[in-house]
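Engineer: Okay, handing you the structure first.
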Amino acid sequence: MKIFRTLGSKLTVAVGVIALVTIAIFAFFNSRSDNKNLLAEVERHANQLSEAVKSSTEFDMLLNQRDRIHETIKRLGNQESIQRIRILNKAGQIIYSSDTTEIGKAVDKKAEACTMCHSASEPLERVGIKDRTRVFRVHPDSGRTLGIINPIYNTTSCSSAACHAHPKSQKVLGVLDVTLPLAEIDRAIRQGQRDVVLLAAGAFFALSLIIGLLVRRWVALPVRRLVEATRHVAGGDLNYVIPEERDDELGMLARSFNNMTQRLSEARLQLVQSDKLASLGRLAAGVAHEINNPLTGVLTYSSFLQKRTKDQPDVQDDLKVIVRETIRCREIVKSLLDFARQSVPKKSAAAINEIIARAAVVVENQLSLNQVRLAQELGADVPPITVDANQLQQVFINLFVNASDAIGPDAGGGTITVTTSRLKLSPIGITQVKQAQCPKRHSLINAEVRIDGKPSIRVRARFEGNEGFIYRDPMYGLARHQFGIAPEPGMDVQVTCPECSSALNVHGSPCPDCGSATFAFEVPGKGMVEGCTNRACTWQRWAELERLGDRDFVEIRVKDTGSGIARDELPRIFEPFYSTKGQKGNGLGLAVIWGIVDNHNGAITVESEVGVGTTFIIRIPVEP
Amino acid sequence: MTARDILVVDDEQVITQAVVRVCGAEGLSVDVASSAEQGLSHLARTTYRLIISDVMMADIDGFAFLIELRRRHVRAPLIMTTGMSTMENAVRALVSGAIDFIPKPFTADELLAAVRRGLRFATLQDEAESTALDARPDSIAWVPPPPQYHRLGYASWLATEVSGTVKVGITDLFLRTIDGLQGVALAAVGDELLQGGRCATITTADGLEHGVLGPVTGRVVEVNDAVAAASAVIERDPYFEGWLYRVLPSELQYDLLHLTACSSDRM
């Protein structure tokens with residue numbers, strides 16, 4: 001049955017059945033003892049009654065006043081709670097009866113009222129109260145009846161009475177048989193049984209309902225959320241987060257589940273990235289080999305020609321262009337290989353405006369095909385920056401071509417606006433901690449756990465017997481730390497170097513925001529960075545950096561009037577092989593750009609609105 | 001056996017033709033082989049002063065070709081060239097015994113510079129052999145680096161220092177293969193050097209530029225001012241006074257795997 005498949009209904013039914021069985025057993029024994037007690041009470045009552053009848057008629061019997069005896073028995077027998085009273089003689093003949101019609105009739109010794117004494121070969125003379133009572137039905141359909149036999153013994157007064165009716169040798173003169181209807185008691189018993197059944201049923205349903213609701217609330221809903229989450233994760237959505245609102249085991253499970261998916265998501269990102277980089281490396285190697293051979297033909301012959309035509313200035317100029325541009329091709333192919341192995345750029349002081357102007361010349365023809373105008377709004381006060389001019393030129397060529405593609409040939413033209421400016425930015429939130437060390441100069445940088453793609457700073461935290469790692473966000477000011485272990489605020493947390501266990505705690509300097517323990521590590525040559533051990537606290541201080549104040553940046557904005565990029569595609573555009581151009585692009589451009597800008601300690605961001613256009617913003621620090 | 005100047009082995013015709021064109025104009029005789037196998041059959045009939053070989057070829061690649069040459073006791077020095085112009089390939093070529101590595105695509109001058117060095121290397125090799133036969137210790141062809149040094153091919157040397165930095169310089173043999181040193185273009189303090197990457201460029205009187213492949217990956221912490229001021233000091237004392245850089249190596253142990261200990265040169 002489907003209903004029994006859920007944990008909740010299984011638990012509910014199990015608890016209900018246990019309650020039902022318990023109540024049934026209890027009710028069975030309770031009802032049996034009730035039954036017995038009631039019957040014993042009736043028995044006692046019947047016995048008293050029969051003794052009362054016996055003694056009230058004894059005197060009349062001695063006087064042999066049969067009419068009075070008849071009358072007494074009749075009156076007593078007519079009471080509602082008494083079914084019948086009769087006196088039988090030794091021969092089984094009914095002498096007196098409240099039912100006058102049966103007077104004089106004989107009762108078979110085998111009849112029910114007689115068997116208790118007469119079943120043996122010799123009739124018993126004395127029997128206990130238990131054996132004197134009997135419960136029977138007159139007809140199978142009629143209600144139960146209790147009968148009690150009271151033997152009338154021969155006494156001295158009987159044998160010596162005036163009538164001398166009974167000889168002295170006779171022991172038992174006859175029996176008094178009183179029968180009482182048990183209808184009332186049976187009704188009470190039935191009522192009791194009905195009550196018990198109702199109680200059992202009520203308890204079953206009430207318990208099931210309560211257990212069902214509790215199970216649903218405490219187990220089924222969180223479990224369903226977990227199942228839902230696993231489905232999301234199985235479907236590839238590793239950013240799905242279960243709300244962590246409970247403190248019990250399922251809450252813990254939810255928390256570790258979230259933790260797991262977060263780790264998985266990072267691992268997958270790295271895996272995908274390294275996988276893509278690996279295939280990129282193979283691709284680059286293949287491309288390099290294939291392109292470099294024909295390029296050698298061009299370069300060798302053109303440079304050879306240039307060498308041999310030194311006396312022809314008009315040819316020289318043209319050849320110079322061919323050689324120069326072929327060498328640029330060589331640099332581009334090499335940068336492909338460099339990107340694949342993430343090599344360091346060849347930097348020198350260069351004017352960014354000149355690099356942009358050179359890139360503009362290269363793409364001029366391609367832009368004019370799409371009727372795209374390239375507007376250069378280059379700031380006059382832009383300082384020279386230390387960059388690899390070839391790499392940056394490639395960045396701008398790529399951005400211009402992308403922008404031109406985004407505008408497309410069918411738009412009837414468009415504009416790319418490239419703006420350069422100098423600006424001062426607060427270092428908070430944009431400065432990456434690239435080196436961090438403990439007092440014994442062990443590096444704390446951990447490339448395995450990355451936060452937003454950048455190696456984190458790993459320290460070991462210990463409190464109350466727990467131990468684990470805290471991964472600090474390398475971007476100063478963003479505080480997207482990851483806690484492998486989560487100390488509560490105000491706890492005495494020991495922070496140490498994972499390598500040599502040197503203490504990193506800053507004693508006597510609690511966090512100004514939350515009062516928790518703080519710690520610090522050194523950025524070689526750039527002072528100390530302090531942080532708070534409290535998971536919920538974002539406080540950190542890099543006095544040296546903050547003292548230097550705002551830093552100088554060169555900002556380059558490349559804005560187009562193209563088709564724009566959909567919001568859900570924006571976070572992925574810098575991944576290798578991610579392309580929105582379908583067959584047209586190979587998906588390398590923006591990944592290469594990101595790598596180059598990152599190698600210059602810069603940052604590239606994008607703003608876009610579908611149908612309006614896209615702006616790429618590159619910021620490169622003036623001082624590396 | 002006939003004698004020719006150069007054998008060029010490459011499966012790309014445009015490359016072999018370019019070499020024939022450029023070297024032919026210099027008056028050098030060049031033979032062409034489109035595979036290593038063909039190259040070996042040329043070598044069975046002809047002696048060459050210099051061999052230029054591609055790395056990536058069908059059947060036998062450049063490295064296997066080089067091993068086969070040594071097995072056959074072919075004495076001609078070999079210059080390796082490849083379109084896979086990575087530092088790794090450069091280092092591997094030099095470690096395998098090639099005297100030089102020219103990444104494709106190259107200009108006519110780059111090719112010519114390497115060819116001239118290669119031919120002078122062959123000459124020096126012959127001279128060394130004859131001096132050894134004559135047993136005239138006063139006229140040695142070149143001075144090998146001190147035994148505690150390490151070298152990358154025959155191009156550059158590295159000497160470890162107590163402070164953890166290394167000194168980098170050019171070998172005497174390399175300097176003797178270039179004719180008429182005029183100047184040396186050096187990297188600046190703070191620059192990153194790569195093992196197998198060009199660490200210095202020597203210009204000669206004939207207008208050619210000779211790139212020196214560096215022995216170590218790391219950051220330049222000091223440049224020898226004496227060399228920057230007067231490049232002749234390198235020629236005078238290439239192993240002590242004429243050092244080029246003091247470098248803070250980033251992966252010295254790894255780099256050392258690709259270097260030859262100079263103590264093994266004096267056996």
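Note on naming: chains are A, B, ... as they come in the structure tokens, residues start from 1 per chain, ligands start from 1 in the order shown.
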If you run DSSP over the backbone, which residues in range 290-502 of chain A end up strand (DSSP E or B)? Put them as a PyMOL selection string.
Structural biologist: chain A and resi 348-350+372-378+385-387+414-425+431-432+437+443+445-451+454-463+466-472+475-476+482-483+494-496
Engineer: Write out as a ChimeraX atom specification every residue belonging to chain A that has an atom at most 12 Å from any atom of chain B, counting only C-alpha atoms.
Structural biologist: /A:281-308,322-324,326-341,343-348,386,624
Engineer: Can you spit out the residues from that selection as a PDB file, in the first residue's frame, using C-alpha atoms?
Structural biologist:
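Result saved to result21.pdb:
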ATOM      1  CA  GLY A 281      45.996  23.488 -22.872  1.00  0.00           C
ATOM      2  CA  ARG A 282      45.707  20.617 -25.349  1.00  0.00           C
ATOM      3  CA  LEU A 283      43.762  22.813 -27.725  1.00  0.00           C
ATOM      4  CA  ALA A 284      46.290  25.618 -27.407  1.00  0.00           C
ATOM      5  CA  ALA A 285      49.137  23.199 -28.015  1.00  0.00           C
ATOM      6  CA  GLY A 286      47.427  21.854 -31.106  1.00  0.00           C
ATOM      7  CA  VAL A 287      46.558  25.305 -32.378  1.00  0.00           C
ATOM      8  CA  ALA A 288      50.067  26.557 -31.680  1.00  0.00           C
ATOM      9  CA  HIS A 289      51.640  23.725 -33.590  1.00  0.00           C
ATOM     10  CA  GLU A 290      49.278  24.044 -36.530  1.00  0.00           C
ATOM     11  CA  ILE A 291      49.509  27.810 -36.796  1.00  0.00           C
ATOM     12  CA  ASN A 292      53.197  28.171 -36.049  1.00  0.00           C
ATOM     13  CA  ASN A 293      54.288  26.159 -39.085  1.00  0.00           C
ATOM     14  CA  PRO A 294      52.605  28.343 -41.723  1.00  0.00           C
ATOM     15  CA  LEU A 295      53.504  31.419 -39.649  1.00  0.00           C
ATOM     16  CA  THR A 296      57.155  30.376 -39.907  1.00  0.00           C
ATOM     17  CA  GLY A 297      56.834  30.507 -43.690  1.00  0.00           C
ATOM     18  CA  VAL A 298      55.425  34.022 -43.567  1.00  0.00           C
ATOM     19  CA  LEU A 299      57.845  35.294 -40.959  1.00  0.00           C
ATOM     20  CA  THR A 300      61.009  33.775 -42.362  1.00  0.00           C
ATOM     21  CA  TYR A 301      60.353  34.871 -45.939  1.00  0.00           C
ATOM     22  CA  SER A 302      59.145  38.344 -45.058  1.00  0.00           C
ATOM     23  CA  SER A 303      62.044  38.991 -42.674  1.00  0.00           C
ATOM     24  CA  PHE A 304      64.430  37.535 -45.242  1.00  0.00           C
ATOM     25  CA  LEU A 305      62.988  39.821 -47.885  1.00  0.00           C
ATOM     26  CA  GLN A 306      63.252  42.751 -45.518  1.00  0.00           C
ATOM     27  CA  LYS A 307      66.914  41.900 -45.009  1.00  0.00           C
ATOM     28  CA  ARG A 308      67.577  41.763 -48.722  1.00  0.00           C
ATOM     29  CA  ILE A 322      54.182  42.289 -42.319  1.00  0.00           C
ATOM     30  CA  VAL A 323      57.040  41.278 -40.022  1.00  0.00           C
ATOM     31  CA  ARG A 324      55.671  43.277 -37.085  1.00  0.00           C
ATOM     32  CA  THR A 326      53.423  38.335 -37.889  1.00  0.00           C
ATOM     33  CA  ILE A 327      55.454  38.707 -34.729  1.00  0.00           C
ATOM     34  CA  ARG A 328      52.241  39.864 -33.051  1.00  0.00           C
ATOM     35  CA  CYS A 329      50.565  36.695 -34.277  1.00  0.00           C
ATOM     36  CA  ARG A 330      53.426  34.808 -32.707  1.00  0.00           C
ATOM     37  CA  GLU A 331      52.821  36.608 -29.409  1.00  0.00           C
ATOM     38  CA  ILE A 332      49.101  35.836 -29.576  1.00  0.00           C
ATOM     39  CA  VAL A 333      49.694  32.149 -30.150  1.00  0.00           C
ATOM     40  CA  LYS A 334      52.259  32.209 -27.395  1.00  0.00           C
ATOM     41  CA  SER A 335      49.816  33.900 -25.057  1.00  0.00           C
ATOM     42  CA  LEU A 336      47.412  31.068 -25.755  1.00  0.00           C
ATOM     43  CA  LEU A 337      50.053  28.684 -24.505  1.00  0.00           C
ATOM     44  CA  ASP A 338      50.879  31.073 -21.687  1.00  0.00           C
ATOM     45  CA  PHE A 339      47.251  31.231 -20.654  1.00  0.00           C
ATOM     46  CA  ALA A 340      47.064  27.487 -20.589  1.00  0.00           C
ATOM     47  CA  ARG A 341      49.998  27.404 -18.215  1.00  0.00           C
ATOM     48  CA  SER A 343      52.409  32.226 -16.918  1.00  0.00           C
ATOM     49  CA  VAL A 344      53.363  35.649 -15.723  1.00  0.00           C
ATOM     50  CA  PRO A 345      52.866  38.517 -18.149  1.00  0.00           C
ATOM     51  CA  LYS A 346      55.800  40.502 -19.496  1.00  0.00           C
ATOM     52  CA  LYS A 347      55.132  43.844 -17.933  1.00  0.00           C
ATOM     53  CA  SER A 348      56.483  47.278 -18.616  1.00  0.00           C
ATOM     54  CA  THR A 386      52.873  48.524 -15.585  1.00  0.00           C
ATOM     55  CA  PRO A 624      51.131  46.770  -9.076  1.00  0.00           C
TER      56      PRO A 624
END
Engineer: Output as a VMD selection string all residues of range 5-36 of chain B that backbone DSSP marks as alpha helix (DSSP H).
Structural biologist: chain B and resid 13 to 25 36
Engineer: Write to file, as an mmCIF file, in the first residue's frame, the residues of the selection just made, with C-alpha atoms.
Structural biologist:
data_model
loop_
_atom_site.group_PDB
_atom_site.id
_atom_site.type_symbol
_atom_site.label_atom_id
_atom_site.label_comp_id
_atom_site.auth_asym_id
_atom_site.auth_seq_id
_atom_site.Cartn_x
_atom_site.Cartn_y
_atom_site.Cartn_z
ATOM 1 C CA GLN B 13 57.969 21.769 -46.637
ATOM 2 C CA VAL B 14 57.595 25.503 -46.030
ATOM 3 C CA ILE B 15 60.037 25.262 -43.133
ATOM 4 C CA THR B 16 62.686 23.279 -44.976
ATOM 5 C CA GLN B 17 62.416 25.569 -47.986
ATOM 6 C CA ALA B 18 62.748 28.648 -45.787
ATOM 7 C CA VAL B 19 65.896 27.206 -44.224
ATOM 8 C CA VAL B 20 67.305 26.401 -47.669
ATOM 9 C CA ARG B 21 66.497 29.938 -48.835
ATOM 10 C CA VAL B 22 67.943 31.784 -45.835
ATOM 11 C CA CYS B 23 71.040 29.622 -45.357
ATOM 12 C CA GLY B 24 71.576 29.217 -49.082
ATOM 13 C CA ALA B 25 71.818 33.010 -49.372
ATOM 14 C CA ALA B 36 63.722 11.515 -39.355
#
Engineer: So which residues touch Asp11 in chain B within 8 Å, counting only C-alpha atoms, skipping near sequence neighbours fewer than 6 positions away, as a list in words?
Structural biologist: Ala33, Ser34, Ser35, Asp54, Met57 and Ala58 of chain B
Engineer: Restricting the output to C-alpha atoms, write the selected residues as an mmCIF file, in the first residue's frame.
Structural biologist:
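Resulting contents of again_17.cif:
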data_model
loop_
_atom_site.group_PDB
_atom_site.id
_atom_site.type_symbol
_atom_site.label_atom_id
_atom_site.label_comp_id
_atom_site.auth_asym_id
_atom_site.auth_seq_id
_atom_site.Cartn_x
_atom_site.Cartn_y
_atom_site.Cartn_z
ATOM 1 C CA ALA B 33 64.764 15.521 -45.189
ATOM 2 C CA SER B 34 61.005 15.358 -44.679
ATOM 3 C CA SER B 35 61.249 12.729 -41.950
ATOM 4 C CA ASP B 54 61.670 19.594 -35.860
ATOM 5 C CA MET B 57 57.123 14.516 -36.787
ATOM 6 C CA ALA B 58 55.282 11.360 -37.735
#
Engineer: Name the residues in contact with range 167-175 of chain B at a cut-off of 8 Å, using only C-alpha atoms, excluding same-chain residues fewer than 4 positions from it; report them as a list in words.
Structural biologist: Arg117, Phe121, Trp142, Val143, Pro144, Pro145, Tyr154, Ala155, Ser156, Trp157, Leu158, Ala159, Thr160, Glu161, Val212, Gly214, Pro215, Ile234, Glu235, Pro238, Tyr239, Gly242, Trp243, Leu244, Tyr245, Arg246 and Val247 of chain B
Engineer: Would you save the residues of that selection, restricted to C-alpha atoms, as a short mmCIF file (atom, residue, chain, number, x, y, z; two decimals), in the first residue's frame?
Structural biologist:
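The resulting result-v5.cif:
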data_model
loop_
_atom_site.label_atom_id
_atom_site.label_comp_id
_atom_site.auth_asym_id
_atom_site.auth_seq_id
_atom_site.Cartn_x
_atom_site.Cartn_y
_atom_site.Cartn_z
CA ARG B 117 76.28 29.61 -33.37
CA PHE B 121 79.99 25.16 -32.06
CA TRP B 142 86.70 26.89 -24.01
CA VAL B 143 86.51 26.92 -20.24
CA PRO B 144 83.79 24.77 -18.68
CA PRO B 145 81.89 26.15 -15.64
CA TYR B 154 75.60 24.65 -22.97
CA ALA B 155 73.86 28.03 -22.82
CA SER B 156 73.61 29.23 -19.24
CA TRP B 157 74.82 28.35 -15.78
CA LEU B 158 73.44 28.56 -12.27
CA ALA B 159 75.32 28.68 -8.97
CA THR B 160 73.44 28.17 -5.72
CA GLU B 161 74.22 30.52 -2.85
CA VAL B 212 70.19 33.04 -23.97
CA GLY B 214 67.72 30.89 -18.66
CA PRO B 215 68.45 27.98 -16.30
CA ILE B 234 81.21 38.55 -19.42
CA GLU B 235 83.71 37.46 -21.99
CA PRO B 238 81.95 34.51 -17.50
CA TYR B 239 81.72 32.46 -14.29
CA GLY B 242 80.50 38.22 -15.38
CA TRP B 243 77.39 36.86 -13.66
CA LEU B 244 74.13 38.34 -14.92
CA TYR B 245 71.51 38.05 -12.21
CA ARG B 246 70.93 37.07 -8.64
CA VAL B 247 67.58 35.25 -8.72
#
Engineer: B:Val55, B:Ala228, B:Val9, B:Ala141: which is nearest Arg176 in chain B, counting only C-alpha atoms?
Structural biologist: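 Closest to Arg176 in chain B of all the choices is B:Ala141.
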Engineer: List the neighbours of Leu209 in chain A out to 9 Å using only C-alpha atoms; skip same-chain residues closer than 4 positions along the sequence, and give me the result as a list of chain:residue names.
Structural biologist: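 Using only C-alpha atoms, the neighbours found are A:Thr12, A:Gly16, A:Phe204, A:Phe205, A:Leu213, A:Leu214.
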Engineer: For those residues, write N, CA and C atoms to a file as a PDB file, in the first residue's frame.
Structural biologist:
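Result saved to selection20.pdb:
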ATOM      1  N   THR A  12       3.199   6.423  12.433  1.00  0.00           N
ATOM      2  CA  THR A  12       1.854   6.694  12.933  1.00  0.00           C
ATOM      3  C   THR A  12       1.102   5.389  13.136  1.00  0.00           C
ATOM      4  N   GLY A  16      -0.123   3.701  16.621  1.00  0.00           N
ATOM      5  CA  GLY A  16      -1.565   3.456  16.753  1.00  0.00           C
ATOM      6  C   GLY A  16      -1.840   1.998  17.079  1.00  0.00           C
ATOM      7  N   PHE A 204      -6.814   5.279  19.746  1.00  0.00           N
ATOM      8  CA  PHE A 204      -6.080   4.943  18.523  1.00  0.00           C
ATOM      9  C   PHE A 204      -6.031   6.131  17.566  1.00  0.00           C
ATOM     10  N   PHE A 205      -7.222   6.710  17.351  1.00  0.00           N
ATOM     11  CA  PHE A 205      -7.264   7.812  16.386  1.00  0.00           C
ATOM     12  C   PHE A 205      -6.561   9.052  16.927  1.00  0.00           C
ATOM     13  N   LEU A 213       0.839  14.151  13.336  1.00  0.00           N
ATOM     14  CA  LEU A 213       1.158  15.575  13.189  1.00  0.00           C
ATOM     15  C   LEU A 213       2.584  15.867  13.626  1.00  0.00           C
ATOM     16  N   LEU A 214       2.984  15.253  14.767  1.00  0.00           N
ATOM     17  CA  LEU A 214       4.327  15.509  15.263  1.00  0.00           C
ATOM     18  C   LEU A 214       5.376  14.971  14.293  1.00  0.00           C
TER      19      LEU A 214
END
Engineer: What is the distance between CA of Gly484 in chain A and CA of Asp513 in chain A, in Å to one decimal?
Structural biologist: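 Interatomic distance here is 22.2 Å.
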Engineer: CA of Pro313 in chain A and CA of Gly207 in chain B are how many Å apart?
Structural biologist: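 If I compute the distance from CA of Pro313 in chain A to CA of Gly207 in chain B, I get 18.8 Å.
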Engineer: Using only C-alpha atoms, which residue out of A:Leu146, A:Val433, A:Ala389, A:Val610 lies closest to Met528 in chain A?
Structural biologist: A:Val433
Engineer: Write out as a list in words which residues come within 6 Å of range 592-603 of chain A when counting only C-alpha atoms, dropping same-chain ones fewer than 5 positions away.
Structural biologist: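 After dropping sequence-adjacent residues, the list is Val395, Ile618, Arg619 and Ile620 of chain A.
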Engineer: I'd like the neighbourhood of range 522-524 of chain A as a PyMOL selection string, where a residue qualifies if any of its atoms comes within 8 Å (using only C-alpha atoms), though same-chain residues fewer than 3 positions away should be ignored.
Structural biologist: chain A and resi 433+435-439+527-529
Engineer: Please write the residues from the selection above to a file, keeping N, CA and C atoms, as a CSV table (one decimal), in the first residue's frame.
Structural biologist:
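Result file is selection05.csv:
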chain,number,residue,atom,x,y,z
A,433,VAL,N,44.4,39.3,-0.7
A,433,VAL,CA,45.5,38.9,0.1
A,433,VAL,C,46.1,37.8,-0.7
A,435,GLN,N,49.5,36.8,-0.2
A,435,GLN,CA,50.4,36.1,0.6
A,435,GLN,C,50.0,36.3,2.1
A,436,ALA,N,50.1,35.3,2.9
A,436,ALA,CA,49.8,35.4,4.3
A,436,ALA,C,50.7,34.4,5.0
A,437,GLN,N,51.2,34.8,6.1
A,437,GLN,CA,52.1,33.9,6.8
A,437,GLN,C,52.0,34.0,8.3
A,438,CYS,N,52.4,32.9,9.0
A,438,CYS,CA,52.4,32.9,10.5
A,438,CYS,C,53.7,33.5,11.0
A,439,PRO,N,53.8,33.6,12.3
A,439,PRO,CA,55.1,34.2,12.8
A,439,PRO,C,56.3,33.5,12.4
A,527,GLY,N,52.1,44.5,6.4
A,527,GLY,CA,51.5,44.6,7.7
A,527,GLY,C,50.6,43.4,8.1
A,528,MET,N,49.9,43.6,9.2
A,528,MET,CA,49.1,42.5,9.7
A,528,MET,C,47.6,42.6,9.4
A,529,VAL,N,47.0,41.5,9.2
A,529,VAL,CA,45.5,41.5,9.0
A,529,VAL,C,44.9,40.8,10.2
Engineer: In Å, rounded to a single decimal, give me how far CA of Thr203 in chain B is from CA of Gly180 in chain B.
Structural biologist: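 So the answer is 8.5 Å.
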Engineer: Of the candidates B:Cys199, B:Ala64, B:Ile51, B:Ala205, which shows the shortest atom-to-atom distance to Ala122 in chain B, using only C-alpha atoms?
Structural biologist: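 When distances to Ala122 in chain B are compared using only C-alpha atoms, the smallest one comes from B:Ile51.
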